[in-house]
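Student: Below is a structure I'd like to ask you about.
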Protein chains: 2
Amino acid sequence: MTPFKLTEEFVEEIEQLIEQNNDAELNSMLDAVHYADVAEIINELDETKATYLIKLLGSDKTSDVLTELDEDIREAILGNLSSQEIASELDELDTDDAADIIGELPKEQIQDVISKIEDREHAKDIVDLLRYAEDSAGGLMAKELVKVNENWNVLTCVKEMRAQAENVTRVHSIYVVDDEDKLKGRLSLKDLLTTSTKTHIKDVFIKNVDSVNVNEDPEEVARIMTKYDLEAIPVVDEIGRLVGRITIDDIVDVIKEEAERDYQMAAGISRGVEADDSIWELTKARLPWLIIGMFGGIGAASIISSFQEVMNTFPILLIFVPLIQATAGNVGVQSSAIMVQGLANNTVKGEILNRLLKEFTLALINGIAIAAIVLVISHFFFRTSYLISLTLCVALISVIIIAALIGTFIPVFLDKRGVDPAVATGPFITTGNDIFGILIYFSIAKMILGI
Amino acid sequence: MTPFKLTEEFVEEIEQLIEQNNDAELNSMLDAVHYADVAEIINELDETKATYLIKLLGSDKTSDVLTELDEDIREAILGNLSSQEIASELDELDTDDAADIIGELPKEQIQDVISKIEDREHAKDIVDLLRYAEDSAGGLMAKELVKVNENWNVLTCVKEMRAQAENVTRVHSIYVVDDEDKLKGRLSLKDLLTTSTKTHIKDVFIKNVDSVNVNEDPEEVARIMTKYDLEAIPVVDEIGRLVGRITIDDIVDVIKEEAERDYQMAAGISRGVEADDSIWELTKARLPWLIIGMFGGIGAASIISSFQEVMNTFPILLIFVPLIQATAGNVGVQSSAIMVQGLANNTVKGEILNRLLKEFTLALINGIAIAAIVLVISHFFFRTSYLISLTLCVALISVIIIAALIGTFIPVFLDKRGVDPAVATGPFITTGNDIFGILIYFSIAKMILGI
């Protein structure tokens with residue numbers, strides 16, 4: 001199957017068919033299209049047309065489509081569906097996806113929708129999931145899993161498993177529990193394929209099984225699952241009872257969201273916004289960081305004006321302020337980004353002192369290289385005097401070294417204090433280094449030029 | 001099982017035991033430790049001790065350890081092993097991991113190592129994999145998979161599968177091929193658990209199966225697998241023959257590496273370096289971007305000196321240069337980061353004109369907010385005259401709008417030209433906006449102050 005490519009023509013055709021109420025043609029066109037692709041199409045439609053399509057297609061497909069839609073479009077569509085219609089969509093979904101959708105409904109509607117879910121076991125599982133915080137292992141897990149009792153024999157086990165597997169989209173592992181539902185170990189699918197059916201569970205199951213607590217941080221779950229290459233991990237409650245499982249596809253989403261948040265933080269954007277969010281949302285995410293940067297600029301202005309005599313005597317120094325500032329900012333961002341990633345990947349080893357020493361050497365090399373180029377340019381192009389050129393070079397080298405050390409130290413410091421070091425990159429480091437850079441520049445000028 | 005926590009004490013104990021040649025104690029200590037954790041321990045040791053440990057532990061464990069090690073440490077250890085020893089490690093590994101390790105060996109050693117691999121089928125598969133480029137689906141895939149012929153009946157099929165499954169760590173899907181080895185579809189594991197053993201393969205297999213071409217870009221494979229929530233995808237050659245499969249754990253690595261590369265690009269670091277790389281590697285990754293930033297600073301210096309009369313008449317304007325520059329840089333990075341992510345996630349919809357209009361409105365709001373704060377501060381704190389304050393405010397609003405539009409436009413432009421828009425954030429945007437910002441600032445000053 002070649003992958004589906006969403007084209008404008010295709011969307012226009014769908015829109016026309018909806019306007020013509022040509023249900024037969026719509027059904028036949030979308031029949032072979034994967035639900036993730038149908039969701040992409042619906043994301044492009046207006047609310048009325050989107051709702052029309054959701055109501056038209058069978059709920060075995062639309063339930064999956066709903067989980068893939070953009071949040072704002074899903075919210076709009078759900079607002080146009082009755083509680084009965086929503087409940088029948090949820091009946092088709094895995095418990096984790098169903099719980100996520102219920103969590104987006106208006107509070108007063110939730111109970112009504114749950115009461116209309118046909119499969120009462122399913123409804124109970126969904127309600128169980130609702131009590132976990134969104135950013136915990138419990139908030140990520142699904143109740144669907146295959147588990148067998150350690151006291152069964154393989155014959156009972158296979159029979160029970162076949163029944164359970166009917167409700168589970170993908171069977172990853174067969175978990176083994178005791179009579180109190182406490183997780184004891186697992187049976188691998190491979191064992192299932194290669195072991196004789198006469199064996200006892202107690203004698204064949206693997207006792208070593210990784211699990212996470214319901215309250216675990218999703219990013220820690222992601223770290224464990226990727227480190228140990230797990231495709232599913234069982235979730236246990238405070239006393240070790242098996243309550244759910246997390247699969248790798250949910251973890252892929254966690255990893256992507258984490259990466260996006262770090263990227264945005266480095267760019268001075270908070271709150272996890274997207275390009276298509278409202279102007280108000282985008283302003284709330286962006287303005288605070290601009291204000292931080294603004295205060296950095298104001299700070300730099302006060303520093304410059306406090307060096308009034310330098311300004312008056314050697315005004316040419318002022319034209320190089322942007323150079324100093326840009327260099328300090330770039331070096332700081334580089335150093336902090338490397339540390340933030342190193343800390344996240346656990347590749348930062350050894351003493352902080354060695355780390356700073358390495359960064360110092362690196363900065364010295366970069367500083368000398370940059371200063372050498374600037375020396376030539378300032379001499380031939382700006383015709384600066386010997387002392388001004390010296391000031392510029394010494395200042396550049398010093399600024400690069402200090403910015404590198406600050407950029408290296410701050411993330412380590414934050415990490416040790418339990419703060420996410422990712423906040424250190426971007427505007428904070430840039431702003432701090434702007435101020436330090438200019439202070440260093442004018443102080444060195446004062447010393448060298450003897451003002 | 002509670003997750004393993006690597007402590008300094010534990011590493012020190014291991015080091016002491018190695019010095020004492022206390023093999024029995026070492027073996028018993030590390031026996032229950034997961035190979036990923038053993039790799040973390042070895043990453044902390046020096047080359048001699050690391051090699052000692054690899055030689056001590058059984059190759060069923062150390063082969064997996066080798067795949068998890070940091071590249072430089074693995075290279076050092078492999079250099080201390082004979083071709084025979086390396087070959088016996090490779091014998092234990094999946095073909096994709098084995099091929100990756102062989103790819104790191106010195107060219108003259110490769111043939112020798114391959115000739116010493118005991119399992120000749122395995123060696124053949126590894127050699128097959130070596131011919132694919134590292135950044136292609138072929139370079140990611142493994143040869144281990146379970147496949148059945150559409151012409152078999154289920155009885156033959158199950159027997160064959162049991163044999164094949166012995167060589168496959170995890171069975172994800174059972175692929176169905178025709179007599180020419182062309183991929184026809186798949187059997188799900190669930191079907192296997194719930195279908196009677198008397199059925200014919202031809203009648204039960206699912207004909208719809210996603211697959212990727214051996215030459216596909218890994219990032220595109222990642223996009224397809226995450227979009228369709230696949231845990232494994234079969235890889236076919238140019239004429240549709242099944243040649244391998246890619247599993248989600250490899251894709252998780254692709255996603256992480258992509259995110260890290262984008263993050264580094266935004267921070268002005270190229271070449272995918274890590275905190276622990278050599279100073280020379282780090283300099284090569286960082287200096288070029290600093291030089292770009294430096295030329296931005298030099299450009300800004302020439303612009304300022306070209307406004308000599310403004311400088312002479314109103315020197316106070318110069319103290320606000322860092323403010324203008326910081327604001328332009330921050331806005332540009334924010335706008336471009338949102339566009340880069342939007343383009344990567346396909347959430348940027350509609351016309352570029354609407355997008356620019358939205359960014360314009362957003363920038364206007366932010367600009368007015370920042371200008372209002374600066375107006376108050378400059379008036380009361382710096383006691384600037386009415387005209388200077390006006391200059392500052394108009395310049396800030398203009399700079400914020402222009403920086404936002406540039407930050408939005410450039411990624412879209414690059415994307416349309418087929419260039420990765422991620423290169424647009426970071427130093428390029430900052431440098432460009434530095435220059436534009438200062439040009440706008442002095443031009444507006446010239447107009448308003450009538451110099």
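Residue names in the structure tokens use chain letters A, B, ... in the order shown, residue numbers from 1 in each chain, and ligand numbers from 1 in the order shown.
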Set the cut-off to 7 Å and count only C-alpha atoms: what are the residues of chain B that reach chain A? Output as a PyMOL selection string.
Tutor: chain B and resi 1+36+162+165+171+190+193-194+208-211+227-229+249+252+259+263-264+267-269+274-276+279+283+287+290-291+293-294+297-298+300-301+304-305+318-320+322-323+326-327+330+333-334+337-339+342+347-348+362+366+370
Student: I'd like the contact shell of region 96-100 of chain B - 12 Å cut-off, only C-alpha atoms, skipping same-chain residues fewer than 6 positions apart - returned as a PDB file with C-alpha atoms, in the first residue's frame.
Tutor:
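What landed in part-v5.pdb:
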ATOM      1  CA  SER B  63      26.757  -8.428  22.661  1.00  0.00           C
ATOM      2  CA  ASP B  64      23.699  -6.472  23.780  1.00  0.00           C
ATOM      3  CA  VAL B  65      25.875  -4.338  26.045  1.00  0.00           C
ATOM      4  CA  LEU B  66      28.042  -3.418  23.052  1.00  0.00           C
ATOM      5  CA  THR B  67      25.061  -2.026  21.115  1.00  0.00           C
ATOM      6  CA  GLU B  68      24.147   0.246  24.030  1.00  0.00           C
ATOM      7  CA  GLU B  71      30.334   5.095  20.366  1.00  0.00           C
ATOM      8  CA  ARG B  74      32.664   0.826  21.954  1.00  0.00           C
ATOM      9  CA  GLU B  75      35.311   1.720  19.401  1.00  0.00           C
ATOM     10  CA  ILE B  86      34.065  -9.650  17.719  1.00  0.00           C
ATOM     11  CA  ALA B  87      32.547 -12.274  15.415  1.00  0.00           C
ATOM     12  CA  SER B  88      31.216 -14.272  18.346  1.00  0.00           C
ATOM     13  CA  GLU B  89      29.562 -11.128  19.725  1.00  0.00           C
ATOM     14  CA  LEU B  90      27.976 -10.459  16.349  1.00  0.00           C
ATOM     15  CA  ILE B 110      35.520  -6.088   8.262  1.00  0.00           C
ATOM     16  CA  VAL B 113      35.331 -10.491  11.173  1.00  0.00           C
ATOM     17  CA  ILE B 114      32.542 -11.508   8.796  1.00  0.00           C
ATOM     18  CA  ILE B 117      30.858 -15.449  12.102  1.00  0.00           C
ATOM     19  CA  HIS B 122      23.377 -14.725   9.764  1.00  0.00           C
ATOM     20  CA  ALA B 123      26.625 -13.534   8.167  1.00  0.00           C
ATOM     21  CA  LYS B 124      24.925 -13.411   4.757  1.00  0.00           C
ATOM     22  CA  ASP B 125      22.089 -11.297   6.163  1.00  0.00           C
ATOM     23  CA  ILE B 126      24.562  -8.901   7.771  1.00  0.00           C
ATOM     24  CA  VAL B 127      26.476  -8.500   4.515  1.00  0.00           C
ATOM     25  CA  ASP B 128      23.164  -7.772   2.757  1.00  0.00           C
ATOM     26  CA  LEU B 129      22.468  -4.977   5.214  1.00  0.00           C
ATOM     27  CA  LEU B 130      25.921  -3.406   4.808  1.00  0.00           C
ATOM     28  CA  ARG B 131      25.111  -2.250   1.285  1.00  0.00           C
ATOM     29  CA  TYR B 132      22.337   0.138   2.416  1.00  0.00           C
ATOM     30  CA  ALA B 133      23.028   3.763   3.251  1.00  0.00           C
ATOM     31  CA  GLU B 134      22.899   4.499   6.971  1.00  0.00           C
ATOM     32  CA  ASP B 135      20.177   7.135   6.532  1.00  0.00           C
ATOM     33  CA  ALA B 137      15.076   2.435   5.589  1.00  0.00           C
ATOM     34  CA  GLY B 138      17.510  -0.274   4.481  1.00  0.00           C
ATOM     35  CA  GLY B 139      20.110   1.032   6.927  1.00  0.00           C
ATOM     36  CA  LEU B 140      17.605   0.820   9.785  1.00  0.00           C
ATOM     37  CA  MET B 141      15.955  -2.518   9.088  1.00  0.00           C
ATOM     38  CA  ALA B 142      16.745  -5.978  10.430  1.00  0.00           C
ATOM     39  CA  LYS B 143      16.515  -9.193   8.460  1.00  0.00           C
ATOM     40  CA  GLU B 144      14.856 -11.039  11.368  1.00  0.00           C
ATOM     41  CA  LEU B 145      11.167 -11.490  10.673  1.00  0.00           C
ATOM     42  CA  GLY B 244      13.423  -6.719   6.168  1.00  0.00           C
ATOM     43  CA  ARG B 245      11.447  -5.000   8.843  1.00  0.00           C
ATOM     44  CA  ILE B 246      11.866  -1.900  10.969  1.00  0.00           C
ATOM     45  CA  THR B 247      10.688  -1.922  14.583  1.00  0.00           C
ATOM     46  CA  ASP B 250      14.657   1.995  16.136  1.00  0.00           C
TER      47      ASP B 250
END
Student: Could you list, as a ChimeraX atom specification, every residue within 8 Å of Phe436 (chain A), counting only C-alpha atoms and ignoring same-chain residues fewer than 4 positions away?
Tutor: /A:399,432,440
Student: Let's have the selection written as a CSV table (one decimal), in the first residue's frame, with C-alpha atoms.
Tutor:
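Saved to selection.csv:
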chain,number,residue,atom,x,y,z
A,399,VAL,CA,33.0,37.7,26.9
A,432,GLY,CA,21.9,37.5,31.2
A,440,ILE,CA,32.7,43.3,30.6
Student: Quick check for you: according to DSSP on this backbone, which residues of region 150-396 of chain A are classed as strand (DSSP E)? Reply as a short mmCIF file (atom, residue, chain, number, x, y, z; two decimals) with C-alpha atoms, in the first residue's frame.
Tutor:
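The resulting file, selection_14.cif, is shown below:
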data_model
loop_
_atom_site.label_atom_id
_atom_site.label_comp_id
_atom_site.auth_asym_id
_atom_site.auth_seq_id
_atom_site.Cartn_x
_atom_site.Cartn_y
_atom_site.Cartn_z
CA SER A 173 2.98 -9.50 26.73
CA ILE A 174 0.99 -11.85 28.86
CA TYR A 175 1.19 -10.68 32.44
CA VAL A 176 1.18 -13.16 35.28
CA VAL A 177 -0.58 -12.25 38.56
CA LEU A 183 2.02 -8.60 39.29
CA LYS A 184 4.40 -11.56 39.48
CA GLY A 185 5.98 -11.71 36.01
CA ARG A 186 5.21 -12.28 32.36
CA LEU A 187 4.91 -14.88 29.64
CA SER A 188 6.44 -13.84 26.33
CA VAL A 212 6.03 1.42 36.75
CA ASN A 213 3.91 2.89 39.49
CA ALA A 232 4.68 -2.18 26.64
CA ILE A 233 5.10 -1.84 30.37
CA PRO A 234 2.66 -2.94 33.08
CA VAL A 235 1.46 -0.34 35.58
CA VAL A 236 0.97 -1.29 39.23
CA LEU A 242 -1.63 -4.81 38.10
CA VAL A 243 -3.92 -1.94 37.05
CA GLY A 244 -3.02 -1.25 33.42
CA ARG A 245 -0.35 -1.11 30.75
CA ILE A 246 1.33 1.59 28.72
CA THR A 247 2.25 0.94 25.11
#
Student: Give me every helix (DSSP H, G or I) residue in region 210-348 of chain B, going by DSSP on the backbone, as a tab-separated table (two decimals) with C-alpha atoms, in the first residue's frame.
Tutor:
chain	number	residue	atom	x	y	z
B	218	PRO	CA	14.19	7.31	8.03
B	219	GLU	CA	12.31	10.46	9.06
B	220	GLU	CA	9.57	9.60	6.58
B	221	VAL	CA	9.46	6.05	7.97
B	222	ALA	CA	9.10	7.57	11.45
B	223	ARG	CA	6.27	9.80	10.22
B	224	ILE	CA	4.41	6.84	8.70
B	225	MET	CA	4.91	4.54	11.70
B	226	THR	CA	3.83	7.12	14.27
B	227	LYS	CA	0.90	8.34	12.20
B	248	ILE	CA	9.40	0.99	16.63
B	249	ASP	CA	12.39	1.01	19.03
B	250	ASP	CA	14.66	1.99	16.14
B	251	ILE	CA	12.15	4.65	15.14
B	252	VAL	CA	12.13	6.07	18.66
B	253	ASP	CA	15.87	6.61	18.21
B	254	VAL	CA	15.26	8.34	14.85
B	255	ILE	CA	12.68	10.65	16.45
B	256	LYS	CA	14.99	11.50	19.34
B	257	GLU	CA	17.94	12.18	17.07
B	258	GLU	CA	15.81	14.37	14.80
B	259	ALA	CA	14.57	16.37	17.79
B	260	GLU	CA	18.11	16.77	19.09
B	261	ARG	CA	19.39	17.91	15.72
B	262	ASP	CA	16.62	20.51	15.43
B	263	TYR	CA	17.31	21.70	18.95
B	264	GLN	CA	21.01	22.03	18.25
B	265	MET	CA	20.38	23.78	14.96
B	266	ALA	CA	18.21	26.33	16.76
B	279	ILE	CA	37.20	19.92	21.98
B	280	TRP	CA	38.13	19.76	18.32
B	281	GLU	CA	34.74	18.23	17.35
B	282	LEU	CA	32.92	20.80	19.48
B	283	THR	CA	34.88	23.68	17.94
B	284	LYS	CA	34.07	22.50	14.41
B	285	ALA	CA	30.38	22.37	15.39
B	286	ARG	CA	30.27	25.75	17.08
B	287	LEU	CA	32.80	28.15	15.56
B	288	PRO	CA	31.12	28.48	12.12
B	289	TRP	CA	27.92	29.75	13.71
B	290	LEU	CA	29.82	32.19	15.91
B	291	ILE	CA	31.50	33.54	12.79
B	292	ILE	CA	28.10	34.06	11.14
B	293	GLY	CA	26.96	35.92	14.26
B	294	MET	CA	30.20	37.90	14.21
B	295	PHE	CA	29.57	39.09	10.66
B	296	GLY	CA	26.11	40.15	11.82
B	297	GLY	CA	27.76	42.22	14.56
B	298	ILE	CA	30.21	43.73	12.06
B	299	GLY	CA	27.27	44.51	9.76
B	300	ALA	CA	25.49	46.23	12.62
B	301	ALA	CA	28.66	48.23	13.37
B	302	SER	CA	28.85	49.48	9.76
B	303	ILE	CA	25.19	50.49	9.84
B	304	ILE	CA	25.62	52.41	13.06
B	305	SER	CA	28.73	54.19	11.81
B	306	SER	CA	26.88	55.14	8.62
B	308	GLN	CA	27.30	59.25	12.13
B	309	GLU	CA	25.21	62.44	12.34
B	310	VAL	CA	22.49	60.71	14.39
B	311	MET	CA	25.16	59.36	16.75
B	312	ASN	CA	26.73	62.77	17.17
B	313	THR	CA	23.49	64.67	17.69
B	316	ILE	CA	21.50	58.73	23.97
B	317	LEU	CA	19.99	56.71	21.10
B	318	LEU	CA	23.01	54.45	21.24
B	319	ILE	CA	22.35	53.19	24.74
B	321	VAL	CA	20.78	49.61	20.71
B	322	PRO	CA	20.97	46.43	22.87
B	323	LEU	CA	17.24	46.75	23.62
B	324	ILE	CA	16.34	46.98	19.92
B	325	GLN	CA	18.67	44.15	19.06
B	326	ALA	CA	17.51	41.80	21.84
B	327	THR	CA	13.86	42.42	20.98
B	328	ALA	CA	14.37	41.81	17.26
B	329	GLY	CA	16.30	38.61	17.98
B	330	ASN	CA	13.77	37.22	20.48
B	331	VAL	CA	10.74	37.94	18.28
B	332	GLY	CA	12.42	36.42	15.24
B	333	VAL	CA	13.36	33.24	17.07
B	334	GLN	CA	9.84	32.87	18.49
B	335	SER	CA	8.14	33.32	15.13
B	336	SER	CA	10.48	31.03	13.26
B	337	ALA	CA	10.34	28.31	15.96
B	338	ILE	CA	6.53	28.22	15.79
B	339	MET	CA	6.63	27.97	12.00
B	340	VAL	CA	9.35	25.31	11.99
B	341	GLN	CA	7.33	23.14	14.39
B	342	GLY	CA	4.11	23.82	12.55
B	343	LEU	CA	5.66	22.76	9.27
B	344	ALA	CA	7.17	19.64	10.84
B	345	ASN	CA	3.82	18.62	12.34
Student: Hey, what's within 9 Å of Ile388 (chain B) if we count only C-alpha atoms and toss same-chain stuff fewer than 2 positions away? As a list in words, please?
Tutor: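 Answer for this query is Phe314, Ile316, Leu317, Thr384, Ser385, Tyr386, Leu390, Thr391, Leu392, Cys393, Ala445, Ile448 and Leu449 of chain B.
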Student: Could the residues in this selection be written to a file with all heavy atoms, as a CSV table (one decimal), in the first residue's frame?
Tutor:
chain,number,residue,atom,x,y,z
B,314,PHE,N,22.4,62.8,18.8
B,314,PHE,CA,21.6,62.2,19.9
B,314,PHE,C,22.3,60.9,20.4
B,314,PHE,O,21.8,59.8,20.2
B,314,PHE,CB,20.2,61.9,19.5
B,314,PHE,CG,19.4,63.1,19.1
B,314,PHE,CD1,19.3,63.4,17.7
B,314,PHE,CD2,18.8,63.8,20.0
B,314,PHE,CE1,18.5,64.5,17.4
B,314,PHE,CE2,18.0,64.9,19.7
B,314,PHE,CZ,17.9,65.3,18.3
B,316,ILE,N,22.3,59.6,23.1
B,316,ILE,CA,21.5,58.7,24.0
B,316,ILE,C,20.8,57.6,23.2
B,316,ILE,O,20.5,56.5,23.8
B,316,ILE,CB,20.4,59.6,24.7
B,316,ILE,CG1,19.8,58.7,25.8
B,316,ILE,CG2,19.4,60.1,23.8
B,316,ILE,CD1,19.1,59.5,26.9
B,317,LEU,N,20.6,57.8,21.9
B,317,LEU,CA,20.0,56.7,21.1
B,317,LEU,C,20.8,55.4,21.2
B,317,LEU,O,20.3,54.3,21.1
B,317,LEU,CB,19.9,57.2,19.6
B,317,LEU,CG,18.7,58.1,19.3
B,317,LEU,CD1,18.8,58.6,17.9
B,317,LEU,CD2,17.4,57.5,19.6
B,384,THR,N,14.4,60.6,29.0
B,384,THR,CA,14.5,60.9,27.6
B,384,THR,C,13.5,62.0,27.2
B,384,THR,O,12.4,62.0,27.8
B,384,THR,CB,14.3,59.7,26.7
B,384,THR,OG1,13.1,59.0,27.2
B,384,THR,CG2,15.4,58.7,26.9
B,385,SER,N,13.8,62.7,26.2
B,385,SER,CA,12.9,63.8,25.7
B,385,SER,C,11.7,63.1,25.0
B,385,SER,O,11.7,61.9,24.7
B,385,SER,CB,13.6,64.7,24.7
B,385,SER,OG,13.8,63.9,23.5
B,386,TYR,N,10.7,63.9,24.7
B,386,TYR,CA,9.5,63.4,24.1
B,386,TYR,C,9.8,62.7,22.7
B,386,TYR,O,9.3,61.6,22.4
B,386,TYR,CB,8.5,64.6,23.9
B,386,TYR,CG,7.4,64.3,22.9
B,386,TYR,CD1,6.3,63.4,23.2
B,386,TYR,CD2,7.4,64.9,21.7
B,386,TYR,CE1,5.3,63.2,22.3
B,386,TYR,CE2,6.4,64.7,20.8
B,386,TYR,CZ,5.4,63.8,21.1
B,386,TYR,OH,4.4,63.5,20.2
B,390,LEU,N,9.4,58.8,21.6
B,390,LEU,CA,8.6,58.5,20.4
B,390,LEU,C,9.4,57.6,19.4
B,390,LEU,O,8.9,56.6,19.0
B,390,LEU,CB,8.1,59.8,19.7
B,390,LEU,CG,7.2,59.6,18.5
B,390,LEU,CD1,5.8,59.0,19.0
B,390,LEU,CD2,7.0,60.9,17.7
B,391,THR,N,10.6,58.0,19.2
B,391,THR,CA,11.5,57.3,18.3
B,391,THR,C,11.6,55.8,18.8
B,391,THR,O,11.4,54.9,18.0
B,391,THR,CB,12.9,57.9,18.3
B,391,THR,OG1,12.8,59.3,17.8
B,391,THR,CG2,13.8,57.1,17.4
B,392,LEU,N,11.9,55.7,20.1
B,392,LEU,CA,12.1,54.4,20.7
B,392,LEU,C,10.8,53.5,20.5
B,392,LEU,O,10.9,52.4,20.1
B,392,LEU,CB,12.4,54.6,22.2
B,392,LEU,CG,13.3,53.6,22.9
B,392,LEU,CD1,14.5,53.2,22.0
B,392,LEU,CD2,13.6,54.1,24.2
B,393,CYS,N,9.7,54.1,20.8
B,393,CYS,CA,8.4,53.3,20.7
B,393,CYS,C,8.1,52.9,19.3
B,393,CYS,O,7.8,51.8,19.0
B,393,CYS,CB,7.3,54.1,21.3
B,393,CYS,SG,7.5,54.3,23.1
B,445,ALA,N,14.8,57.0,13.6
B,445,ALA,CA,15.3,58.1,14.4
B,445,ALA,C,15.6,59.3,13.5
B,445,ALA,O,15.2,60.5,13.8
B,445,ALA,CB,16.6,57.7,15.1
B,448,ILE,N,12.1,60.9,12.5
B,448,ILE,CA,11.4,61.6,13.6
B,448,ILE,C,12.2,62.8,14.1
B,448,ILE,O,11.6,63.8,14.3
B,448,ILE,CB,11.1,60.6,14.7
B,448,ILE,CG1,10.0,59.6,14.3
B,448,ILE,CG2,10.6,61.3,16.0
B,448,ILE,CD1,9.6,58.6,15.3
B,449,LEU,N,13.5,62.6,14.3
B,449,LEU,CA,14.3,63.6,14.8
B,449,LEU,C,14.7,64.6,13.8
B,449,LEU,O,15.3,65.7,14.1
B,449,LEU,CB,15.5,63.0,15.6
B,449,LEU,CG,15.1,62.1,16.7
B,449,LEU,CD1,16.4,61.3,17.2
B,449,LEU,CD2,14.4,62.8,17.8
Student: Please, what distance in Å, to one decimal, runs between CA of Ile406 (chain B) and CA of Ile429 (chain B)?
Tutor: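 According to the coordinates, CA of Ile406 (chain B) and CA of Ile429 (chain B) are separated by 8.0 Å.
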